[in-house]
$ cat data_0.txt   # compact mmCIF, N, CA and C atoms
# COMPACT_ATOMS: atom_id res chain seq x y z
N MET A 1425 56.39 39.50 -15.98
CA MET A 1425 55.28 39.35 -16.92
C MET A 1425 54.49 40.63 -17.00
N ASN A 1426 54.11 41.01 -18.18
CA ASN A 1426 53.26 42.18 -18.28
C ASN A 1426 51.80 41.75 -18.20
N ALA A 1427 50.89 42.71 -18.09
CA ALA A 1427 49.48 42.43 -17.81
C ALA A 1427 48.82 41.48 -18.81
N PRO A 1428 48.93 41.69 -20.11
CA PRO A 1428 48.23 40.78 -21.02
C PRO A 1428 48.75 39.35 -20.94
N ASN A 1429 50.05 39.18 -20.70
CA ASN A 1429 50.60 37.83 -20.67
C ASN A 1429 50.09 37.01 -19.49
N TRP A 1430 50.04 37.61 -18.30
CA TRP A 1430 49.58 36.83 -17.16
C TRP A 1430 48.11 36.47 -17.32
N LYS A 1431 47.33 37.37 -17.91
CA LYS A 1431 45.91 37.08 -18.11
C LYS A 1431 45.74 35.93 -19.08
N THR A 1432 46.48 35.95 -20.17
CA THR A 1432 46.39 34.87 -21.16
C THR A 1432 46.79 33.54 -20.54
N ALA A 1433 47.89 33.54 -19.80
CA ALA A 1433 48.36 32.31 -19.16
C ALA A 1433 47.37 31.83 -18.09
N ALA A 1434 46.83 32.77 -17.33
CA ALA A 1434 45.86 32.40 -16.29
C ALA A 1434 44.58 31.85 -16.92
N LEU A 1435 44.14 32.46 -18.02
CA LEU A 1435 42.96 31.95 -18.72
C LEU A 1435 43.18 30.53 -19.21
N GLU A 1436 44.37 30.24 -19.73
CA GLU A 1436 44.67 28.88 -20.17
C GLU A 1436 44.62 27.91 -19.00
N ASP A 1437 45.17 28.31 -17.86
CA ASP A 1437 45.13 27.46 -16.67
C ASP A 1437 43.70 27.23 -16.19
N LEU A 1438 42.91 28.28 -16.22
CA LEU A 1438 41.53 28.17 -15.75
C LEU A 1438 40.69 27.28 -16.66
N LYS A 1439 40.93 27.37 -17.95
CA LYS A 1439 40.13 26.60 -18.91
C LYS A 1439 40.60 25.16 -19.06
N GLY A 1440 41.90 24.95 -18.95
CA GLY A 1440 42.40 23.63 -19.32
C GLY A 1440 43.02 22.81 -18.21
N SER A 1441 42.89 23.23 -16.97
CA SER A 1441 43.49 22.44 -15.90
C SER A 1441 42.51 22.36 -14.72
N SER A 1442 42.88 21.53 -13.78
CA SER A 1442 42.04 21.40 -12.59
C SER A 1442 42.58 22.24 -11.44
N LEU A 1443 43.45 23.18 -11.74
CA LEU A 1443 43.98 24.06 -10.70
C LEU A 1443 42.86 24.89 -10.07
N SER A 1444 42.94 25.05 -8.78
CA SER A 1444 41.97 25.90 -8.09
C SER A 1444 42.27 27.36 -8.38
N ILE A 1445 41.32 28.21 -8.05
CA ILE A 1445 41.51 29.65 -8.22
C ILE A 1445 42.71 30.10 -7.39
N ARG A 1446 42.83 29.58 -6.18
CA ARG A 1446 43.96 29.92 -5.32
C ARG A 1446 45.29 29.52 -5.97
N ALA A 1447 45.34 28.33 -6.56
CA ALA A 1447 46.57 27.85 -7.19
C ALA A 1447 46.93 28.71 -8.42
N VAL A 1448 45.92 29.07 -9.21
CA VAL A 1448 46.16 29.92 -10.37
C VAL A 1448 46.66 31.29 -9.92
N ALA A 1449 46.05 31.84 -8.89
CA ALA A 1449 46.48 33.14 -8.38
C ALA A 1449 47.92 33.09 -7.89
N SER A 1450 48.24 32.06 -7.17
CA SER A 1450 49.59 31.90 -6.65
C SER A 1450 50.60 31.73 -7.78
N LYS A 1451 50.25 30.92 -8.75
CA LYS A 1451 51.14 30.66 -9.88
C LYS A 1451 51.49 31.93 -10.66
N HIS A 1452 50.52 32.82 -10.79
CA HIS A 1452 50.70 34.03 -11.60
C HIS A 1452 50.94 35.28 -10.76
N GLY A 1453 51.11 35.10 -9.45
CA GLY A 1453 51.43 36.23 -8.59
C GLY A 1453 50.30 37.24 -8.48
N ARG A 1454 49.07 36.78 -8.49
CA ARG A 1454 47.90 37.65 -8.40
C ARG A 1454 47.05 37.25 -7.20
N SER A 1455 46.11 38.08 -6.86
CA SER A 1455 45.19 37.76 -5.77
C SER A 1455 44.05 36.88 -6.30
N GLU A 1456 43.41 36.17 -5.39
CA GLU A 1456 42.26 35.35 -5.77
C GLU A 1456 41.15 36.21 -6.36
N SER A 1457 40.97 37.41 -5.80
CA SER A 1457 39.91 38.29 -6.32
C SER A 1457 40.21 38.73 -7.75
N ALA A 1458 41.49 38.90 -8.08
CA ALA A 1458 41.84 39.26 -9.46
C ALA A 1458 41.51 38.11 -10.42
N ILE A 1459 41.75 36.89 -9.98
CA ILE A 1459 41.42 35.73 -10.82
C ILE A 1459 39.91 35.59 -10.95
N LYS A 1460 39.19 35.82 -9.87
CA LYS A 1460 37.72 35.74 -9.93
C LYS A 1460 37.16 36.81 -10.86
N ARG A 1461 37.74 38.02 -10.82
CA ARG A 1461 37.32 39.08 -11.74
C ARG A 1461 37.58 38.68 -13.19
N LEU A 1462 38.73 38.07 -13.42
CA LEU A 1462 39.07 37.60 -14.76
C LEU A 1462 38.06 36.56 -15.24
N ILE A 1463 37.69 35.66 -14.38
CA ILE A 1463 36.68 34.64 -14.72
C ILE A 1463 35.37 35.32 -15.08
N LYS A 1464 34.97 36.30 -14.27
CA LYS A 1464 33.71 37.00 -14.50
C LYS A 1464 33.76 37.83 -15.79
N ASP A 1465 34.84 38.56 -15.98
CA ASP A 1465 34.97 39.41 -17.18
C ASP A 1465 35.00 38.60 -18.46
N GLN A 1466 35.67 37.47 -18.42
CA GLN A 1466 35.80 36.63 -19.61
C GLN A 1466 34.67 35.61 -19.73
N GLN A 1467 33.77 35.58 -18.75
CA GLN A 1467 32.62 34.67 -18.72
C GLN A 1467 33.06 33.22 -18.92
N ILE A 1468 34.01 32.82 -18.10
CA ILE A 1468 34.55 31.47 -18.17
C ILE A 1468 33.66 30.53 -17.38
N CYS A 1469 33.33 29.42 -18.00
CA CYS A 1469 32.63 28.35 -17.32
C CYS A 1469 33.64 27.22 -17.17
N ARG A 1470 34.10 27.01 -15.96
CA ARG A 1470 35.17 26.05 -15.74
C ARG A 1470 34.67 24.62 -15.78
N ALA A 1471 35.38 23.77 -16.50
CA ALA A 1471 35.06 22.35 -16.55
C ALA A 1471 35.53 21.65 -15.28
N HIS A 1472 36.62 22.16 -14.71
CA HIS A 1472 37.19 21.57 -13.51
C HIS A 1472 37.05 22.55 -12.37
N LYS A 1473 36.51 22.09 -11.26
CA LYS A 1473 36.28 22.97 -10.12
C LYS A 1473 37.42 22.93 -9.11
N GLY A 1474 38.48 22.21 -9.38
CA GLY A 1474 39.54 22.07 -8.39
C GLY A 1474 39.43 20.72 -7.71
N GLN A 1475 40.44 20.36 -6.99
CA GLN A 1475 40.50 19.01 -6.45
C GLN A 1475 39.88 18.86 -5.09
N ASN A 1476 39.67 19.91 -4.35
CA ASN A 1476 39.14 19.80 -3.00
C ASN A 1476 37.67 20.14 -2.91
N GLY A 1477 37.00 20.35 -4.02
CA GLY A 1477 35.69 20.96 -4.01
C GLY A 1477 34.55 20.11 -3.52
N GLY A 1478 33.89 20.57 -2.50
CA GLY A 1478 32.58 20.11 -2.11
C GLY A 1478 32.46 18.72 -1.53
N LEU A 1479 31.22 18.40 -1.21
CA LEU A 1479 30.89 17.11 -0.66
C LEU A 1479 30.80 16.07 -1.76
N LYS A 1480 31.04 14.83 -1.38
CA LYS A 1480 30.86 13.74 -2.32
C LYS A 1480 29.37 13.47 -2.47
N ARG A 1481 29.00 12.97 -3.65
CA ARG A 1481 27.63 12.53 -3.82
C ARG A 1481 27.43 11.30 -2.95
N PHE A 1482 26.21 11.07 -2.50
CA PHE A 1482 25.91 9.98 -1.58
C PHE A 1482 26.41 8.64 -2.13
N ILE A 1483 26.23 8.41 -3.41
CA ILE A 1483 26.61 7.14 -4.01
C ILE A 1483 28.12 6.94 -3.99
N GLU A 1484 28.89 8.04 -3.93
CA GLU A 1484 30.35 7.96 -3.95
C GLU A 1484 30.94 7.81 -2.55
N MET A 1485 30.12 7.97 -1.53
CA MET A 1485 30.62 7.91 -0.16
C MET A 1485 30.90 6.46 0.25
N ASP A 1486 31.95 6.27 1.03
CA ASP A 1486 32.27 4.97 1.57
C ASP A 1486 31.63 4.83 2.94
N ALA A 1487 31.44 3.57 3.37
CA ALA A 1487 30.98 3.32 4.73
C ALA A 1487 32.05 3.82 5.69
N LEU A 1488 31.63 4.30 6.84
CA LEU A 1488 32.58 4.82 7.82
C LEU A 1488 33.50 3.72 8.33
N SER A 1489 32.94 2.52 8.51
CA SER A 1489 33.74 1.38 8.94
C SER A 1489 32.94 0.12 8.63
N ALA A 1490 33.61 -1.01 8.77
CA ALA A 1490 32.91 -2.28 8.59
C ALA A 1490 31.83 -2.45 9.66
N ASP A 1491 32.09 -1.95 10.86
CA ASP A 1491 31.10 -2.03 11.94
C ASP A 1491 29.85 -1.24 11.62
N HIS A 1492 30.02 -0.05 11.09
CA HIS A 1492 28.87 0.77 10.70
C HIS A 1492 28.08 0.05 9.61
N ARG A 1493 28.79 -0.55 8.67
CA ARG A 1493 28.12 -1.27 7.58
C ARG A 1493 27.33 -2.47 8.11
N ARG A 1494 27.92 -3.22 9.06
CA ARG A 1494 27.22 -4.39 9.62
C ARG A 1494 25.97 -3.96 10.38
N LEU A 1495 26.07 -2.88 11.15
CA LEU A 1495 24.89 -2.40 11.87
C LEU A 1495 23.83 -1.92 10.88
N GLY A 1496 24.26 -1.29 9.79
CA GLY A 1496 23.31 -0.88 8.76
C GLY A 1496 22.59 -2.07 8.13
N LEU A 1497 23.33 -3.13 7.87
CA LEU A 1497 22.70 -4.34 7.32
C LEU A 1497 21.74 -4.96 8.32
N HIS A 1498 22.08 -4.88 9.61
CA HIS A 1498 21.17 -5.37 10.64
C HIS A 1498 19.88 -4.55 10.66
N LEU A 1499 20.00 -3.24 10.48
CA LEU A 1499 18.80 -2.39 10.41
C LEU A 1499 17.93 -2.79 9.22
N ILE A 1500 18.55 -3.09 8.10
CA ILE A 1500 17.79 -3.50 6.92
C ILE A 1500 17.04 -4.80 7.21
N ARG A 1501 17.72 -5.76 7.86
CA ARG A 1501 17.06 -7.02 8.20
C ARG A 1501 15.92 -6.79 9.18
N CYS A 1502 16.12 -5.92 10.17
CA CYS A 1502 15.07 -5.65 11.15
C CYS A 1502 13.87 -4.95 10.50
N ARG A 1503 14.15 -4.08 9.55
CA ARG A 1503 13.07 -3.36 8.86
C ARG A 1503 12.23 -4.30 8.02
N GLY A 1504 12.87 -5.31 7.44
CA GLY A 1504 12.15 -6.29 6.62
C GLY A 1504 11.46 -5.63 5.45
N ASN A 1505 10.17 -5.88 5.32
CA ASN A 1505 9.38 -5.32 4.22
C ASN A 1505 8.72 -3.99 4.57
N GLU A 1506 8.97 -3.51 5.76
CA GLU A 1506 8.36 -2.23 6.18
C GLU A 1506 8.95 -1.09 5.37
N GLU A 1507 8.10 -0.14 5.04
CA GLU A 1507 8.55 1.03 4.28
C GLU A 1507 9.63 1.78 5.06
N LYS A 1508 10.60 2.31 4.34
CA LYS A 1508 11.70 3.03 4.97
C LYS A 1508 11.18 4.25 5.74
N THR A 1509 10.20 4.95 5.18
CA THR A 1509 9.70 6.16 5.84
C THR A 1509 9.01 5.84 7.16
N SER A 1510 8.22 4.77 7.21
CA SER A 1510 7.53 4.44 8.46
C SER A 1510 8.52 3.93 9.51
N PHE A 1511 9.51 3.16 9.10
CA PHE A 1511 10.53 2.68 10.03
C PHE A 1511 11.35 3.87 10.55
N ALA A 1512 11.69 4.79 9.66
CA ALA A 1512 12.43 5.98 10.05
C ALA A 1512 11.62 6.84 11.02
N ASN A 1513 10.33 7.00 10.74
CA ASN A 1513 9.47 7.78 11.63
C ASN A 1513 9.41 7.14 13.02
N ALA A 1514 9.37 5.81 13.06
CA ALA A 1514 9.33 5.12 14.35
C ALA A 1514 10.62 5.35 15.13
N LEU A 1515 11.72 5.56 14.41
CA LEU A 1515 13.00 5.85 15.07
C LEU A 1515 13.18 7.35 15.35
N GLY A 1516 12.27 8.17 14.85
CA GLY A 1516 12.40 9.61 15.00
C GLY A 1516 13.42 10.21 14.05
N LEU A 1517 13.57 9.60 12.88
CA LEU A 1517 14.56 10.02 11.88
C LEU A 1517 13.88 10.31 10.57
N SER A 1518 14.62 10.92 9.67
CA SER A 1518 14.15 11.06 8.29
C SER A 1518 14.53 9.79 7.53
N ALA A 1519 13.87 9.55 6.43
CA ALA A 1519 14.20 8.40 5.59
C ALA A 1519 15.61 8.52 5.03
N ILE A 1520 16.04 9.74 4.78
CA ILE A 1520 17.40 9.96 4.27
C ILE A 1520 18.42 9.54 5.32
N ARG A 1521 18.21 9.95 6.57
CA ARG A 1521 19.14 9.57 7.65
C ARG A 1521 19.15 8.05 7.81
N LEU A 1522 17.98 7.42 7.77
CA LEU A 1522 17.93 5.97 7.88
C LEU A 1522 18.71 5.32 6.73
N GLY A 1523 18.57 5.85 5.53
CA GLY A 1523 19.32 5.32 4.39
C GLY A 1523 20.82 5.43 4.61
N GLN A 1524 21.26 6.55 5.20
CA GLN A 1524 22.68 6.72 5.50
C GLN A 1524 23.13 5.70 6.54
N MET A 1525 22.29 5.46 7.53
CA MET A 1525 22.61 4.46 8.55
C MET A 1525 22.72 3.07 7.93
N GLU A 1526 21.74 2.73 7.10
CA GLU A 1526 21.73 1.41 6.48
C GLU A 1526 22.93 1.19 5.57
N ALA A 1527 23.43 2.26 4.99
CA ALA A 1527 24.59 2.17 4.09
C ALA A 1527 25.91 2.25 4.86
N GLY A 1528 25.85 2.46 6.18
CA GLY A 1528 27.06 2.56 6.98
C GLY A 1528 27.75 3.90 6.86
N ARG A 1529 27.01 4.90 6.41
CA ARG A 1529 27.59 6.21 6.15
C ARG A 1529 27.18 7.25 7.18
N HIS A 1530 26.73 6.80 8.34
CA HIS A 1530 26.29 7.72 9.39
C HIS A 1530 26.92 7.29 10.70
N ASP A 1531 27.46 8.24 11.44
CA ASP A 1531 28.05 7.97 12.75
C ASP A 1531 26.94 8.09 13.79
N PHE A 1532 26.59 7.00 14.41
CA PHE A 1532 25.44 6.94 15.31
C PHE A 1532 25.70 7.71 16.60
N THR A 1533 24.65 8.40 17.07
CA THR A 1533 24.70 9.01 18.40
C THR A 1533 24.14 8.02 19.40
N LEU A 1534 24.40 8.27 20.66
CA LEU A 1534 23.88 7.38 21.70
C LEU A 1534 22.36 7.37 21.69
N SER A 1535 21.73 8.52 21.51
CA SER A 1535 20.27 8.55 21.50
C SER A 1535 19.71 7.78 20.30
N GLU A 1536 20.38 7.83 19.16
CA GLU A 1536 19.94 7.05 18.00
C GLU A 1536 20.06 5.55 18.29
N MET A 1537 21.17 5.17 18.93
CA MET A 1537 21.33 3.75 19.30
C MET A 1537 20.26 3.33 20.30
N GLN A 1538 19.89 4.22 21.23
CA GLN A 1538 18.83 3.89 22.19
C GLN A 1538 17.50 3.70 21.47
N ASN A 1539 17.18 4.58 20.53
CA ASN A 1539 15.93 4.45 19.78
C ASN A 1539 15.91 3.17 18.96
N ILE A 1540 17.02 2.84 18.33
CA ILE A 1540 17.10 1.59 17.55
C ILE A 1540 16.93 0.41 18.48
N SER A 1541 17.59 0.45 19.62
CA SER A 1541 17.50 -0.63 20.60
C SER A 1541 16.06 -0.87 21.04
N GLN A 1542 15.35 0.19 21.34
CA GLN A 1542 13.95 0.07 21.77
C GLN A 1542 13.07 -0.47 20.65
N LEU A 1543 13.28 0.00 19.43
CA LEU A 1543 12.43 -0.40 18.31
C LEU A 1543 12.64 -1.85 17.92
N VAL A 1544 13.88 -2.30 17.89
CA VAL A 1544 14.14 -3.68 17.44
C VAL A 1544 14.14 -4.67 18.60
N GLY A 1545 14.01 -4.17 19.83
CA GLY A 1545 13.91 -5.05 21.00
C GLY A 1545 15.22 -5.70 21.39
N GLU A 1546 16.31 -5.03 21.15
CA GLU A 1546 17.62 -5.53 21.54
C GLU A 1546 18.32 -4.46 22.36
N ARG A 1547 19.15 -4.91 23.30
CA ARG A 1547 19.92 -3.96 24.10
C ARG A 1547 21.03 -3.36 23.25
N ILE A 1548 21.49 -2.19 23.65
CA ILE A 1548 22.55 -1.53 22.90
C ILE A 1548 23.78 -2.42 22.80
N PHE A 1549 24.13 -3.08 23.92
CA PHE A 1549 25.34 -3.91 23.85
C PHE A 1549 25.13 -5.10 22.91
N GLU A 1550 23.88 -5.54 22.72
CA GLU A 1550 23.62 -6.60 21.73
C GLU A 1550 23.79 -6.07 20.31
N LEU A 1551 23.36 -4.82 20.09
CA LEU A 1551 23.58 -4.20 18.78
C LEU A 1551 25.07 -4.05 18.52
N ARG A 1552 25.80 -3.67 19.56
CA ARG A 1552 27.25 -3.53 19.41
C ARG A 1552 27.90 -4.88 19.20
N ALA A 1553 27.33 -5.94 19.79
CA ALA A 1553 27.91 -7.28 19.64
C ALA A 1553 27.82 -7.76 18.19
N ILE A 1554 26.85 -7.26 17.45
CA ILE A 1554 26.75 -7.59 16.03
C ILE A 1554 28.04 -7.18 15.33
N ASN A 1555 28.63 -6.13 15.84
CA ASN A 1555 29.82 -5.54 15.22
C ASN A 1555 31.10 -5.88 15.96
N SER A 1556 31.05 -6.83 16.89
CA SER A 1556 32.12 -6.88 17.89
C SER A 1556 33.34 -7.70 17.51
N SER A 1557 33.84 -7.60 16.33
CA SER A 1557 35.11 -8.23 16.07
C SER A 1557 36.22 -7.50 16.82
N LYS A 1558 36.08 -6.19 16.98
CA LYS A 1558 37.09 -5.39 17.70
C LYS A 1558 36.43 -4.35 18.58
N GLY A 1559 35.37 -4.72 19.25
CA GLY A 1559 34.76 -3.76 20.17
C GLY A 1559 33.58 -3.01 19.62
N GLY A 1560 33.19 -3.27 18.38
CA GLY A 1560 31.99 -2.66 17.83
C GLY A 1560 32.08 -1.17 17.69
N LEU A 1561 30.96 -0.53 17.90
CA LEU A 1561 30.86 0.92 17.70
C LEU A 1561 31.16 1.69 18.98
N ALA A 1562 31.73 1.03 19.98
CA ALA A 1562 31.94 1.69 21.26
C ALA A 1562 32.70 3.00 21.15
N GLY A 1563 33.70 3.04 20.31
CA GLY A 1563 34.50 4.24 20.20
C GLY A 1563 33.86 5.32 19.34
N THR A 1564 32.74 5.00 18.68
CA THR A 1564 32.19 5.98 17.76
C THR A 1564 30.94 6.66 18.28
N LEU A 1565 30.37 6.15 19.35
CA LEU A 1565 29.14 6.78 19.87
C LEU A 1565 29.49 8.14 20.44
N HIS A 1566 28.65 9.13 20.14
CA HIS A 1566 28.87 10.47 20.68
C HIS A 1566 27.57 11.11 21.05

$ encode --input "data_0.txt" --output "structure tokens"
Amino acid sequence: MNAPNWKTAALEDLKGSSLSIRAVASKHGRSESAIKRLIKDQQICRAHKGQNGGLKRFIEMDALSADHRRLGLHLIRCRGNEEKTSFANALGLSAIRLGQMEAGRHDFTLSEMQNISQLVGERIFELRAINSSKGGLAGTLH
């Protein structure tokens, strides 16, 4: 391929596919920096960022496990009508972290489980028993 042809083909791939910069570079036998320069020179705004890009939005995240989800629901019941921020402050957490816990999207640390245990007046093994169809969160505490 001569220079204009690979650029034209690479531009088509960049504009019309979900190929990553690395995949486009590999496909056309160029370096990633050459593809990035091409994007910059041609002022391309890509509609597709590639398939591996970035973190999921919070709403798109799945619960880590059914056990995490059950413990999160238990936290919601324990919180009752109390504001999320005040309950989170009592646990020494941010409201965002508490929301992640309640949604089952946070892997609990032992110190977090201890704080929850003290606040809700239940022992850690009782909190784990809520989840104990197969041993609860025992394997996930770190």

$ closest_residue --input "data_0.txt" --among "A:Leu1499, A:Leu1435, A:Met1525, A:Val1448" --to "Ile1463 (chain A)" --atoms "all atoms listed in the file"
A:Leu1435

$ residues_around --input "data_0.txt" --residues "Arg1446 (chain A)" --least-positions-apart "5" --cutoff "8 Å" --atoms "all atoms listed in the file" --output "ChimeraX atom specification"
/A:1451-1452,1455-1456,1459

$ closest_residue --input "data_0.txt" --among "A:Asp1531, A:Glu1507, A:Glu1536, A:Glu1436" --to "Leu1488 (chain A)" --atoms "all atoms listed in the file"
A:Asp1531

$ atom_distance --input "data_0.txt" --atom1 "CA of Phe1532 (chain A)" --atom2 "CA of His1498 (chain A)"
13.8 Å

$ atom_distance --input "data_0.txt" --atom1 "atom N of Leu1497 (chain A)" --atom2 "atom N of Arg1529 (chain A)"
9.0 Å

$ select_by_dssp --input "data_0.txt" --residues "region 1425-1549 of chain A" --states "helix (DSSP H, G or I)" --output "PyMOL selection string"
chain A and resi 1427-1440+1445-1452+1456-1466+1482-1484+1490-1503+1508-1515+1519-1526+1534-1544+1548-1549

$ decode --input "data_0.txt" --residues "region 1513-1522 of chain A" --atoms "all heavy atoms" --output "PDB file, in the first residue's frame"
ATOM      1  N   ASN A1513     -22.004   8.591  57.217  1.00  0.00           N
ATOM      2  CA  ASN A1513     -21.075   9.244  58.145  1.00  0.00           C
ATOM      3  C   ASN A1513     -20.902   8.415  59.411  1.00  0.00           C
ATOM      4  O   ASN A1513     -19.800   8.311  59.947  1.00  0.00           O
ATOM      5  CB  ASN A1513     -21.554  10.647  58.502  1.00  0.00           C
ATOM      6  CG  ASN A1513     -21.375  11.627  57.356  1.00  0.00           C
ATOM      7  OD1 ASN A1513     -20.555  11.411  56.464  1.00  0.00           O
ATOM      8  ND2 ASN A1513     -22.155  12.692  57.368  1.00  0.00           N
ATOM      9  N   ALA A1514     -21.998   7.820  59.888  1.00  0.00           N
ATOM     10  CA  ALA A1514     -21.918   6.985  61.087  1.00  0.00           C
ATOM     11  C   ALA A1514     -21.053   5.751  60.838  1.00  0.00           C
ATOM     12  O   ALA A1514     -20.430   5.233  61.762  1.00  0.00           O
ATOM     13  CB  ALA A1514     -23.316   6.574  61.533  1.00  0.00           C
ATOM     14  N   LEU A1515     -21.021   5.296  59.590  1.00  0.00           N
ATOM     15  CA  LEU A1515     -20.173   4.150  59.232  1.00  0.00           C
ATOM     16  C   LEU A1515     -18.749   4.571  58.864  1.00  0.00           C
ATOM     17  O   LEU A1515     -17.890   3.722  58.643  1.00  0.00           O
ATOM     18  CB  LEU A1515     -20.779   3.394  58.033  1.00  0.00           C
ATOM     19  CG  LEU A1515     -22.025   2.576  58.313  1.00  0.00           C
ATOM     20  CD1 LEU A1515     -22.623   2.076  57.008  1.00  0.00           C
ATOM     21  CD2 LEU A1515     -21.701   1.418  59.237  1.00  0.00           C
ATOM     22  N   GLY A1516     -18.518   5.874  58.770  1.00  0.00           N
ATOM     23  CA  GLY A1516     -17.206   6.367  58.357  1.00  0.00           C
ATOM     24  C   GLY A1516     -16.986   6.243  56.860  1.00  0.00           C
ATOM     25  O   GLY A1516     -15.870   6.049  56.398  1.00  0.00           O
ATOM     26  N   LEU A1517     -18.070   6.344  56.087  1.00  0.00           N
ATOM     27  CA  LEU A1517     -18.024   6.190  54.633  1.00  0.00           C
ATOM     28  C   LEU A1517     -18.604   7.412  53.961  1.00  0.00           C
ATOM     29  O   LEU A1517     -19.267   8.221  54.589  1.00  0.00           O
ATOM     30  CB  LEU A1517     -18.873   4.982  54.201  1.00  0.00           C
ATOM     31  CG  LEU A1517     -18.581   3.634  54.817  1.00  0.00           C
ATOM     32  CD1 LEU A1517     -19.691   2.658  54.492  1.00  0.00           C
ATOM     33  CD2 LEU A1517     -17.250   3.120  54.307  1.00  0.00           C
ATOM     34  N   SER A1518     -18.403   7.490  52.658  1.00  0.00           N
ATOM     35  CA  SER A1518     -19.096   8.509  51.872  1.00  0.00           C
ATOM     36  C   SER A1518     -20.458   7.950  51.475  1.00  0.00           C
ATOM     37  O   SER A1518     -20.685   6.735  51.490  1.00  0.00           O
ATOM     38  CB  SER A1518     -18.297   8.842  50.608  1.00  0.00           C
ATOM     39  OG  SER A1518     -18.295   7.739  49.725  1.00  0.00           O
ATOM     40  N   ALA A1519     -21.366   8.825  51.120  1.00  0.00           N
ATOM     41  CA  ALA A1519     -22.688   8.395  50.671  1.00  0.00           C
ATOM     42  C   ALA A1519     -22.578   7.585  49.377  1.00  0.00           C
ATOM     43  O   ALA A1519     -23.360   6.654  49.152  1.00  0.00           O
ATOM     44  CB  ALA A1519     -23.599   9.603  50.474  1.00  0.00           C
ATOM     45  N   ILE A1520     -21.604   7.915  48.556  1.00  0.00           N
ATOM     46  CA  ILE A1520     -21.399   7.172  47.311  1.00  0.00           C
ATOM     47  C   ILE A1520     -20.999   5.735  47.619  1.00  0.00           C
ATOM     48  O   ILE A1520     -21.526   4.789  47.038  1.00  0.00           O
ATOM     49  CB  ILE A1520     -20.346   7.863  46.420  1.00  0.00           C
ATOM     50  CG1 ILE A1520     -20.903   9.194  45.917  1.00  0.00           C
ATOM     51  CG2 ILE A1520     -19.921   6.975  45.268  1.00  0.00           C
ATOM     52  CD1 ILE A1520     -19.906  10.063  45.200  1.00  0.00           C
ATOM     53  N   ARG A1521     -20.056   5.551  48.548  1.00  0.00           N
ATOM     54  CA  ARG A1521     -19.623   4.198  48.922  1.00  0.00           C
ATOM     55  C   ARG A1521     -20.799   3.423  49.517  1.00  0.00           C
ATOM     56  O   ARG A1521     -20.994   2.248  49.204  1.00  0.00           O
ATOM     57  CB  ARG A1521     -18.466   4.286  49.916  1.00  0.00           C
ATOM     58  CG  ARG A1521     -17.974   2.982  50.517  1.00  0.00           C
ATOM     59  CD  ARG A1521     -17.298   2.040  49.528  1.00  0.00           C
ATOM     60  NE  ARG A1521     -16.295   2.640  48.719  1.00  0.00           N
ATOM     61  CZ  ARG A1521     -14.987   2.675  49.012  1.00  0.00           C
ATOM     62  NH1 ARG A1521     -14.532   2.143  50.104  1.00  0.00           N
ATOM     63  NH2 ARG A1521     -14.150   3.246  48.187  1.00  0.00           N
ATOM     64  N   LEU A1522     -21.594   4.065  50.368  1.00  0.00           N
ATOM     65  CA  LEU A1522     -22.757   3.393  50.935  1.00  0.00           C
ATOM     66  C   LEU A1522     -23.723   2.975  49.831  1.00  0.00           C
ATOM     67  O   LEU A1522     -24.267   1.869  49.855  1.00  0.00           O
ATOM     68  CB  LEU A1522     -23.466   4.280  51.961  1.00  0.00           C
ATOM     69  CG  LEU A1522     -24.730   3.681  52.597  1.00  0.00           C
ATOM     70  CD1 LEU A1522     -24.411   2.385  53.337  1.00  0.00           C
ATOM     71  CD2 LEU A1522     -25.376   4.694  53.532  1.00  0.00           C
TER      72      LEU A1522
END
